[in-house]
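Single-structure report; data block below.
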Amino acid sequence: EAKGGEVVAIEQYAGADVKDFNAQLINIAAKKPEVLFLPNQVGELPLQIQQARQMGITASFLGGDSWDLNTLVEVAGEDMVEGAYYVAPFSSSDSSEAAQSWVEAYNEVAGENPGSHATLAYEALHIVLDALTKIETFEGSALRDALFETDMVLPSGRVTMDENGDPEKGAVILQYQGGVGEYVTTIAAEQKE
């Protein structure tokens, strides 16, 4: 809204067991949105996407990192997600040395490029291992304090922690083109110095 946009509808549903989203989509369709933001889990997304398109909603789709799974395209259909934008923590198209070393190593083992979920698991392991090298004891808050001091360049970029222990890191914007999430741009996080 601060940038001139308008939220025309917010709809809710009651859990992952819901299979019919028509009531919510009828309300959304009546508002004729330009964009439909679906930050939901991959188990619900294919039906939501299909039902929205079947209802005639032509809005551009936006999503979060749950959109970064091959199963979404397989279940929803390539034509249904075409042009959708989503935010993810990693893109195998990142040209940085750290990213490309990871992509090469993963591809050698798995025979495919890593997605966000594999990358986050890899990075989490490295963050914990790094913290373990910094502590002399498991007494008290030693490990927690070492984790708070994280400042590493990983495949998804530089990662630091805020005062609450939450990671501060960038994200990438991807767009589905031909059933594949193609890199659009990177949004860098503000890092503590």
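Going by the structure tokens order, chains are called A, B, ..., each with residues numbered from 1, while ligands are numbered from 1 in the order shown.
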
Inset, instruction - Please provide the set of residues having any atom within 9 Å of Thr133 of chain A, restricted to only C-alpha atoms, with same-chain residues fewer than 4 positions apart removed, written as JSON, numbers by chain. - result: {"A": [128, 129, 146]}

Write out, as a tab-separated table (two decimals), in the first residue's frame, the residues just selected, with N, CA and C atoms.
```tsv
chain	number	residue	atom	x	y	z
A	128	VAL	N	26.29	-25.07	11.86
A	128	VAL	CA	26.48	-25.78	13.13
A	128	VAL	C	27.93	-26.24	13.27
A	129	LEU	N	28.50	-26.80	12.21
A	129	LEU	CA	29.91	-27.25	12.28
A	129	LEU	C	30.84	-26.08	12.59
A	146	ALA	N	27.89	-19.15	20.03
A	146	ALA	CA	28.71	-19.33	18.83
A	146	ALA	C	27.84	-19.26	17.58
```

Based on the backbone DSSP call, show me all residues of chain A assigned alpha helix (DSSP H), as a PDB file with C-alpha atoms, in the first residue's frame.
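Dumped to result_13.pdb:
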```
ATOM      1  CA  ASN A  22     -14.050 -22.195  -4.686  1.00  0.00           C
ATOM      2  CA  ALA A  23     -15.731 -20.098  -1.962  1.00  0.00           C
ATOM      3  CA  GLN A  24     -12.536 -18.131  -1.390  1.00  0.00           C
ATOM      4  CA  LEU A  25     -11.770 -17.917  -5.106  1.00  0.00           C
ATOM      5  CA  ILE A  26     -15.263 -16.618  -5.957  1.00  0.00           C
ATOM      6  CA  ASN A  27     -14.660 -13.718  -3.563  1.00  0.00           C
ATOM      7  CA  ILE A  28     -11.212 -13.106  -5.038  1.00  0.00           C
ATOM      8  CA  ALA A  29     -12.443 -13.319  -8.649  1.00  0.00           C
ATOM      9  CA  ALA A  30     -15.136 -10.717  -7.927  1.00  0.00           C
ATOM     10  CA  LEU A  45      -1.006 -25.115  -3.878  1.00  0.00           C
ATOM     11  CA  PRO A  46      -1.727 -27.291  -6.931  1.00  0.00           C
ATOM     12  CA  LEU A  47      -5.466 -27.346  -6.207  1.00  0.00           C
ATOM     13  CA  GLN A  48      -5.545 -23.621  -5.429  1.00  0.00           C
ATOM     14  CA  ILE A  49      -3.711 -22.813  -8.655  1.00  0.00           C
ATOM     15  CA  GLN A  50      -5.859 -25.134 -10.783  1.00  0.00           C
ATOM     16  CA  GLN A  51      -9.132 -23.966  -9.243  1.00  0.00           C
ATOM     17  CA  ALA A  52      -8.164 -20.293  -9.660  1.00  0.00           C
ATOM     18  CA  ARG A  53      -7.379 -20.765 -13.352  1.00  0.00           C
ATOM     19  CA  GLN A  54     -10.514 -22.873 -13.934  1.00  0.00           C
ATOM     20  CA  ASN A  70       9.424 -29.892  -8.743  1.00  0.00           C
ATOM     21  CA  THR A  71       6.304 -31.586  -7.401  1.00  0.00           C
ATOM     22  CA  LEU A  72       4.369 -28.321  -7.697  1.00  0.00           C
ATOM     23  CA  VAL A  73       4.806 -28.243 -11.477  1.00  0.00           C
ATOM     24  CA  GLU A  74       4.215 -31.994 -11.776  1.00  0.00           C
ATOM     25  CA  VAL A  75       0.921 -31.864  -9.860  1.00  0.00           C
ATOM     26  CA  ALA A  76      -0.465 -28.432 -10.818  1.00  0.00           C
ATOM     27  CA  GLU A  78       3.311 -26.606 -16.258  1.00  0.00           C
ATOM     28  CA  ASP A  79       0.747 -24.423 -18.035  1.00  0.00           C
ATOM     29  CA  MET A  80      -0.907 -23.539 -14.720  1.00  0.00           C
ATOM     30  CA  VAL A  81       2.269 -22.134 -13.115  1.00  0.00           C
ATOM     31  CA  GLU A  97      31.989 -19.156  -6.580  1.00  0.00           C
ATOM     32  CA  ALA A  98      30.348 -20.582  -3.440  1.00  0.00           C
ATOM     33  CA  ALA A  99      27.097 -21.298  -5.290  1.00  0.00           C
ATOM     34  CA  GLN A 100      28.704 -22.854  -8.333  1.00  0.00           C
ATOM     35  CA  SER A 101      31.012 -25.069  -6.242  1.00  0.00           C
ATOM     36  CA  TRP A 102      27.939 -26.350  -4.391  1.00  0.00           C
ATOM     37  CA  VAL A 103      25.962 -26.865  -7.621  1.00  0.00           C
ATOM     38  CA  GLU A 104      28.847 -28.842  -9.149  1.00  0.00           C
ATOM     39  CA  ALA A 105      29.324 -31.027  -6.048  1.00  0.00           C
ATOM     40  CA  TYR A 106      25.598 -31.692  -5.648  1.00  0.00           C
ATOM     41  CA  ASN A 107      25.148 -32.428  -9.348  1.00  0.00           C
ATOM     42  CA  GLU A 108      27.999 -34.928  -9.235  1.00  0.00           C
ATOM     43  CA  VAL A 109      26.237 -36.886  -6.475  1.00  0.00           C
ATOM     44  CA  ALA A 110      22.546 -36.378  -7.309  1.00  0.00           C
ATOM     45  CA  SER A 116      16.513 -24.425  -2.041  1.00  0.00           C
ATOM     46  CA  HIS A 117      15.681 -27.164   0.432  1.00  0.00           C
ATOM     47  CA  ALA A 118      18.851 -29.174  -0.230  1.00  0.00           C
ATOM     48  CA  THR A 119      20.872 -25.964  -0.095  1.00  0.00           C
ATOM     49  CA  LEU A 120      19.381 -24.875   3.228  1.00  0.00           C
ATOM     50  CA  ALA A 121      20.102 -28.292   4.762  1.00  0.00           C
ATOM     51  CA  TYR A 122      23.700 -28.102   3.528  1.00  0.00           C
ATOM     52  CA  GLU A 123      24.101 -24.586   4.885  1.00  0.00           C
ATOM     53  CA  ALA A 124      22.540 -25.441   8.258  1.00  0.00           C
ATOM     54  CA  LEU A 125      25.048 -28.237   8.694  1.00  0.00           C
ATOM     55  CA  HIS A 126      27.937 -25.893   7.894  1.00  0.00           C
ATOM     56  CA  ILE A 127      26.662 -23.242  10.295  1.00  0.00           C
ATOM     57  CA  VAL A 128      26.479 -25.781  13.131  1.00  0.00           C
ATOM     58  CA  LEU A 129      29.906 -27.246  12.281  1.00  0.00           C
ATOM     59  CA  ASP A 130      31.408 -23.746  12.239  1.00  0.00           C
ATOM     60  CA  ALA A 131      29.908 -22.960  15.639  1.00  0.00           C
ATOM     61  CA  LEU A 132      31.203 -26.254  17.051  1.00  0.00           C
ATOM     62  CA  THR A 133      34.764 -25.313  16.062  1.00  0.00           C
ATOM     63  CA  LYS A 134      34.443 -22.085  18.070  1.00  0.00           C
ATOM     64  CA  ALA A 142      28.367 -21.686  24.534  1.00  0.00           C
ATOM     65  CA  LEU A 143      26.952 -23.292  21.390  1.00  0.00           C
ATOM     66  CA  ARG A 144      24.051 -20.860  21.167  1.00  0.00           C
ATOM     67  CA  ASP A 145      26.430 -17.907  21.532  1.00  0.00           C
ATOM     68  CA  ALA A 146      28.714 -19.331  18.828  1.00  0.00           C
ATOM     69  CA  LEU A 147      25.725 -19.705  16.491  1.00  0.00           C
ATOM     70  CA  PHE A 148      24.817 -16.051  17.125  1.00  0.00           C
TER      71      PHE A 148
END
```

Inset, instruction - Pick out the closest residue to Trp67 of chain A from this set: A:Val35, A:Met152, A:Ala88, A:Ile10. Count only C-alpha atoms. - result: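 Residue with the minimum atom-to-atom distance to Trp67 of chain A: A:Ala88.
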
Legend entry - DSSP strand (DSSP E) residues within segment 21-173 of chain A, as a PyMOL selection string: chain A and resi 35-38+60-63+85-88+151-154+157-161+167-168+171-173

Which residues, written as an mmCIF file with N, CA and C atoms, in the first residue's frame, have at least one atom at most 6 Å from Val159 of chain A, with only C-alpha atoms counted and residues fewer than 2 positions away on the same chain left out?
```cif
data_model
loop_
_atom_site.group_PDB
_atom_site.id
_atom_site.type_symbol
_atom_site.label_atom_id
_atom_site.label_comp_id
_atom_site.auth_asym_id
_atom_site.auth_seq_id
_atom_site.Cartn_x
_atom_site.Cartn_y
_atom_site.Cartn_z
ATOM 1 N N ASP A 151 28.925 -15.714 10.671
ATOM 2 C CA ASP A 151 29.186 -14.764 9.587
ATOM 3 C C ASP A 151 29.946 -15.549 8.530
ATOM 4 N N MET A 152 29.193 -16.116 7.588
ATOM 5 C CA MET A 152 29.771 -17.029 6.611
ATOM 6 C C MET A 152 29.262 -16.717 5.213
ATOM 7 N N GLU A 168 20.171 -13.565 8.858
ATOM 8 C CA GLU A 168 20.017 -12.416 7.962
ATOM 9 C C GLU A 168 20.705 -12.813 6.670
ATOM 10 N N LYS A 169 19.911 -12.959 5.630
ATOM 11 C CA LYS A 169 20.445 -13.411 4.354
ATOM 12 C C LYS A 169 19.558 -12.920 3.228
#
```

Inset, instruction - Between atom CA of Ala189 of chain A and atom CA of Val172 of chain A, measure the distance and give it in Å to one decimal. - result: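 If I compute the distance from atom CA of Ala189 of chain A to atom CA of Val172 of chain A, I get 10.7 Å.
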
Inset, instruction - Using atom CA of Gly77 of chain A and atom CA of Val18 of chain A as the two end points, give the distance in Å to one decimal. - result: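 Result for atom CA of Gly77 of chain A versus atom CA of Val18 of chain A: 19.7 Å, one decimal.
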
Inset, instruction - Would you please work out which residue, of A:Ile187, A:Val153, A:Ala14, A:Val180, is nearest to Leu69 of chain A when using only C-alpha atoms? - result: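 The closest residue to Leu69 of chain A is A:Val180.
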
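As for atom CA of Thr185 of chain A and atom CA of Ile173 of chain A, they are spaced 5.4 Å apart.
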
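Of the residues under consideration (A:Val42, A:Glu112, A:Gly165, A:Gly4), A:Val42 shows the shortest atom-to-atom contact distance to Gly63 of chain A when counting only C-alpha atoms.
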